[in-house]
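Peer 1: Please read through the structure below; I'll follow up with questions.
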Amino acid sequence: MSNSVVVGAGPIGSRIALLLAEQGERVRLVTRGGGGPEHPMIERIAADAGDARRLTELTDGAEVLYNCANPKYTEWERLWFPMNDAMIAAARSTGAVYAITGNLYGYGPQPDGRMTEHTPLAAVGRKGRVRVRMWRDALDSGVRTVEARGSDYVGAGAVGVFSAVILPAVSRGAAAWVPGDPDLPHTFTYTGDMARTLVTLARDPRAHGRAWHVPSPPPVTIRHLADRYCELTGSPRLKLRKLPRSAMRAAGLVVPMARELAEMDYQFYAPFVLDSTLTETTFGLTPTSLDQTIQETADAARTTAARRM
């Protein structure tokens with residue numbers, strides 16, 4: 001029997017599994033290939049997260065079922081709903097709390113760019129509507145559920161504009177083409193804070209039945225983030241060039257991933273600010289400093305580079 005079941009071994013799922021294991025909990029980590037971090041308290045299992053019967057068997061006796069899955073970005077509409085339905089069914093059958101790793105897509109563009117937990121879910125894009133339906137399906141199911149919503153991820157293993165655009169440019173010593181305005185305020189969320197927040201919310205009945213924002217540092221510009229990374233790592237200051245908005249949209253006519261990115265580009269052409277005050281005051285959580293997050297990212301990048309040599 002496991003105390004918790006974690007679906008997905010990406011940067012969030014792996015962190016949650018290790019966090020729980022280090023606290024003495026037995027964890028079942030479910031992925032399609034059976035991968036994930038090694039730890040005596042972590043049982044890695046290969047299974048299809050969309051198989052409700054199998055997932056229910058694996059969740060039997062667990063207190064929490066964590067949804068940290070990360071399906072292929074270009075196939076959300078096809079892949080997300082079967083997995084979400086299966087996890088809801090497993091939680092309903094076993095009585096486990098269903099804890100969801102969420103994002104800000106469901107809010108859609110906001111006039112002032114600021115989002116709180118009271119901001120209406122007004123997604124205009126397909127992926128945003130997927131996230132809205134997932135959350136509402138969980139709420140309507142009657143299971144004890146909670147969702148933690150974060151902004152663009154930073155930290156070791158994180159996938160986002162920083163890892164996709166800034167880090168490769170620093171390693172090449174070349175200019176970075178930013179798909180947005182690099183001088184607008186933007187919230188970045190540390191993957192470790194997402195993991196810590198979701199575990200806290202899952203354990204606290206006060207959190208259930210609601211979505212909460214992950215404590216995140218004050219918003220900064222992409223330029224500031226790039227400059228600070230270079231300062232802390234001793235790298236030459238990075239030149240940032242603004243990619244024309246039309247370029248990604250034109251590429252999307254033939255490249256599926258470019259089409260998906262273009263749909264969400266409003267996040268980078270206007271202020272994009274997550275307000276986590278409610279979570280911080282209710283649960284006593286605070287965000288990890290941006291400098292600490294950057295240092296962790298740099299250490300991970302050096303380790304990866306050394307392994308490739």
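We label chains A, B, ... in the order they appear in the structure tokens, count residues from 1 in each chain, and number ligands from 1 in the order shown.
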Using only C-alpha atoms, what does the table of range 17-91 of chain A residues within 12 Å of range 237-260 of chain A look like, with each row giving the shortest atom pair and its distance in Å to one decimal, sorted by chain and ascending number, as a Markdown table?

Peer 2:
```
| residue | atom | partner | partner_atom | distance |
| --- | --- | --- | --- | --- |
| A:Lys72 | CA | A:Met257 | CA | 9.8 |
| A:Tyr73 | CA | A:Met257 | CA | 7.4 |
| A:Thr74 | CA | A:Met257 | CA | 6.1 |
| A:Glu75 | CA | A:Glu260 | CA | 9.6 |
| A:Trp76 | CA | A:Glu260 | CA | 10.0 |
| A:Glu77 | CA | A:Glu260 | CA | 11.8 |
```

Peer 1: Please provide as a list in words all residues within 7 Å of Gly50 in chain A, with the sequence filter that same-chain residues fewer than 4 positions apart are discarded (counting only C-alpha atoms).

Peer 2: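 Counting only the stated atoms, we get Pro82, Met83 and Ala86 of chain A.
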
Peer 1: Could you pull the residues within 10 Å of Asp291 in chain A, counting only C-alpha atoms, minus those fewer than 4 positions along the same chain, as a VMD selection string?

Peer 2: chain A and resid 225 228 to 229 232 295 to 297

Peer 1: I'd like the neighbourhood of Asn67 in chain A as a list in words, where a residue qualifies if any of its atoms comes within 6 Å (using only C-alpha atoms), though same-chain residues fewer than 5 positions away should be ignored.

Peer 2: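 Using only C-alpha atoms, the neighbours found are Val7, Ile100 and Thr101 of chain A.
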
Peer 1: Per DSSP on the backbone, filter range 134-298 of chain A down to the residues in strand (DSSP E or B) and report them as a CSV table (one decimal) with C-alpha atoms, in the first residue's frame.

Peer 2:
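Resulting contents of states_25.csv:
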```
chain,number,residue,atom,x,y,z
A,145,THR,CA,-10.2,17.8,-5.4
A,146,VAL,CA,-7.8,20.7,-5.4
A,147,GLU,CA,-5.7,22.5,-8.1
A,148,ALA,CA,-2.5,24.5,-7.8
A,149,ARG,CA,-1.9,26.9,-10.6
A,152,ASP,CA,5.9,29.8,-16.5
A,153,TYR,CA,8.3,27.3,-14.9
A,154,VAL,CA,11.9,27.9,-13.9
A,176,ALA,CA,18.2,34.9,-28.1
A,177,TRP,CA,15.2,35.4,-30.2
A,178,VAL,CA,12.3,36.0,-27.8
A,186,HIS,CA,6.0,38.3,-16.3
A,188,PHE,CA,7.9,32.8,-13.2
A,189,THR,CA,7.1,29.9,-10.9
A,190,TYR,CA,9.7,27.6,-9.4
A,211,ALA,CA,-8.0,26.3,-7.1
A,212,TRP,CA,-5.0,28.1,-5.5
A,213,HIS,CA,-2.1,30.1,-6.9
A,220,VAL,CA,10.2,40.4,-13.7
A,240,LEU,CA,17.8,39.7,-26.8
A,241,ARG,CA,16.0,40.1,-30.1
A,242,LYS,CA,12.2,40.3,-30.4
A,272,PHE,CA,1.3,38.4,-17.3
A,273,VAL,CA,1.1,38.6,-13.5
A,274,LEU,CA,0.1,35.8,-11.0
```

Peer 1: Do you know which residues are at most 9 Å from Asn84 in chain A counting only C-alpha atoms, after dropping those on the same chain fewer than 3 positions away, and could you put them as a PDB file with C-alpha atoms, in the first residue's frame?

Peer 2:
```
ATOM      1  CA  ALA A  49      -2.861   6.792 -16.936  1.00  0.00           C
ATOM      2  CA  GLY A  50      -5.927   6.688 -19.174  1.00  0.00           C
ATOM      3  CA  ASN A  67      -2.050  14.535 -11.459  1.00  0.00           C
ATOM      4  CA  LEU A  79      -4.985  12.920 -24.631  1.00  0.00           C
ATOM      5  CA  TRP A  80      -6.013  14.982 -21.605  1.00  0.00           C
ATOM      6  CA  PHE A  81      -9.666  14.047 -21.172  1.00  0.00           C
ATOM      7  CA  MET A  87      -7.941   9.849 -12.444  1.00  0.00           C
ATOM      8  CA  ILE A  88     -11.335  11.163 -11.346  1.00  0.00           C
ATOM      9  CA  ALA A  89     -12.723   7.625 -11.482  1.00  0.00           C
ATOM     10  CA  MET A 134     -10.740  19.355 -16.763  1.00  0.00           C
ATOM     11  CA  ASP A 137     -15.177  17.886 -14.535  1.00  0.00           C
ATOM     12  CA  ALA A 138     -13.188  17.279 -11.347  1.00  0.00           C
TER      13      ALA A 138
END
```

Peer 1: Go through range 28-237 of chain A and collect every residue that DSSP, computed from the backbone, puts in helix (DSSP H, G or I); the answer should be as a ChimeraX atom specification.

Peer 2: /A:52-59,73-94,105-107,126-140,161-172,191-203,205-207,222-233

Peer 1: Could you make a table, as JSON lines, of the residues of range 169-277 of chain A that have an atom within 9 Å of an atom of range 14-31 of chain A, each with its nearest atom pair and distance in Å to one decimal, counting only C-alpha atoms, in chain and number order?

Peer 2:
```
{"residue": "A:Thr191", "atom": "CA", "partner": "A:Arg15", "partner_atom": "CA", "distance": 7.9}
{"residue": "A:Gly192", "atom": "CA", "partner": "A:Arg15", "partner_atom": "CA", "distance": 6.7}
{"residue": "A:Met194", "atom": "CA", "partner": "A:Ile16", "partner_atom": "CA", "distance": 8.8}
{"residue": "A:Ala195", "atom": "CA", "partner": "A:Ile16", "partner_atom": "CA", "distance": 5.1}
{"residue": "A:Arg196", "atom": "CA", "partner": "A:Ile16", "partner_atom": "CA", "distance": 7.2}
{"residue": "A:Leu198", "atom": "CA", "partner": "A:Ile16", "partner_atom": "CA", "distance": 8.2}
{"residue": "A:Val199", "atom": "CA", "partner": "A:Ile16", "partner_atom": "CA", "distance": 7.2}
```

Peer 1: Which of these residues is nearest to Ala9 in chain A, using only C-alpha atoms: A:Ala174, A:Ala69, A:Ala158, A:Leu58?

Peer 2: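 The shortest atom-to-atom distance to Ala9 in chain A comes from A:Ala69.
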
Peer 1: Pick from A:Thr200, A:Ser171, A:Ser93, A:Ser276: nearest to Thr56 in chain A, with only C-alpha atoms counted?

Peer 2: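 Among the listed residues, the smallest separation from Thr56 in chain A belongs to A:Ser93.
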
Peer 1: Could you please determine the separation between CA of Pro182 in chain A and CA of Pro219 in chain A in Å, to one decimal place?

Peer 2: 12.3 Å
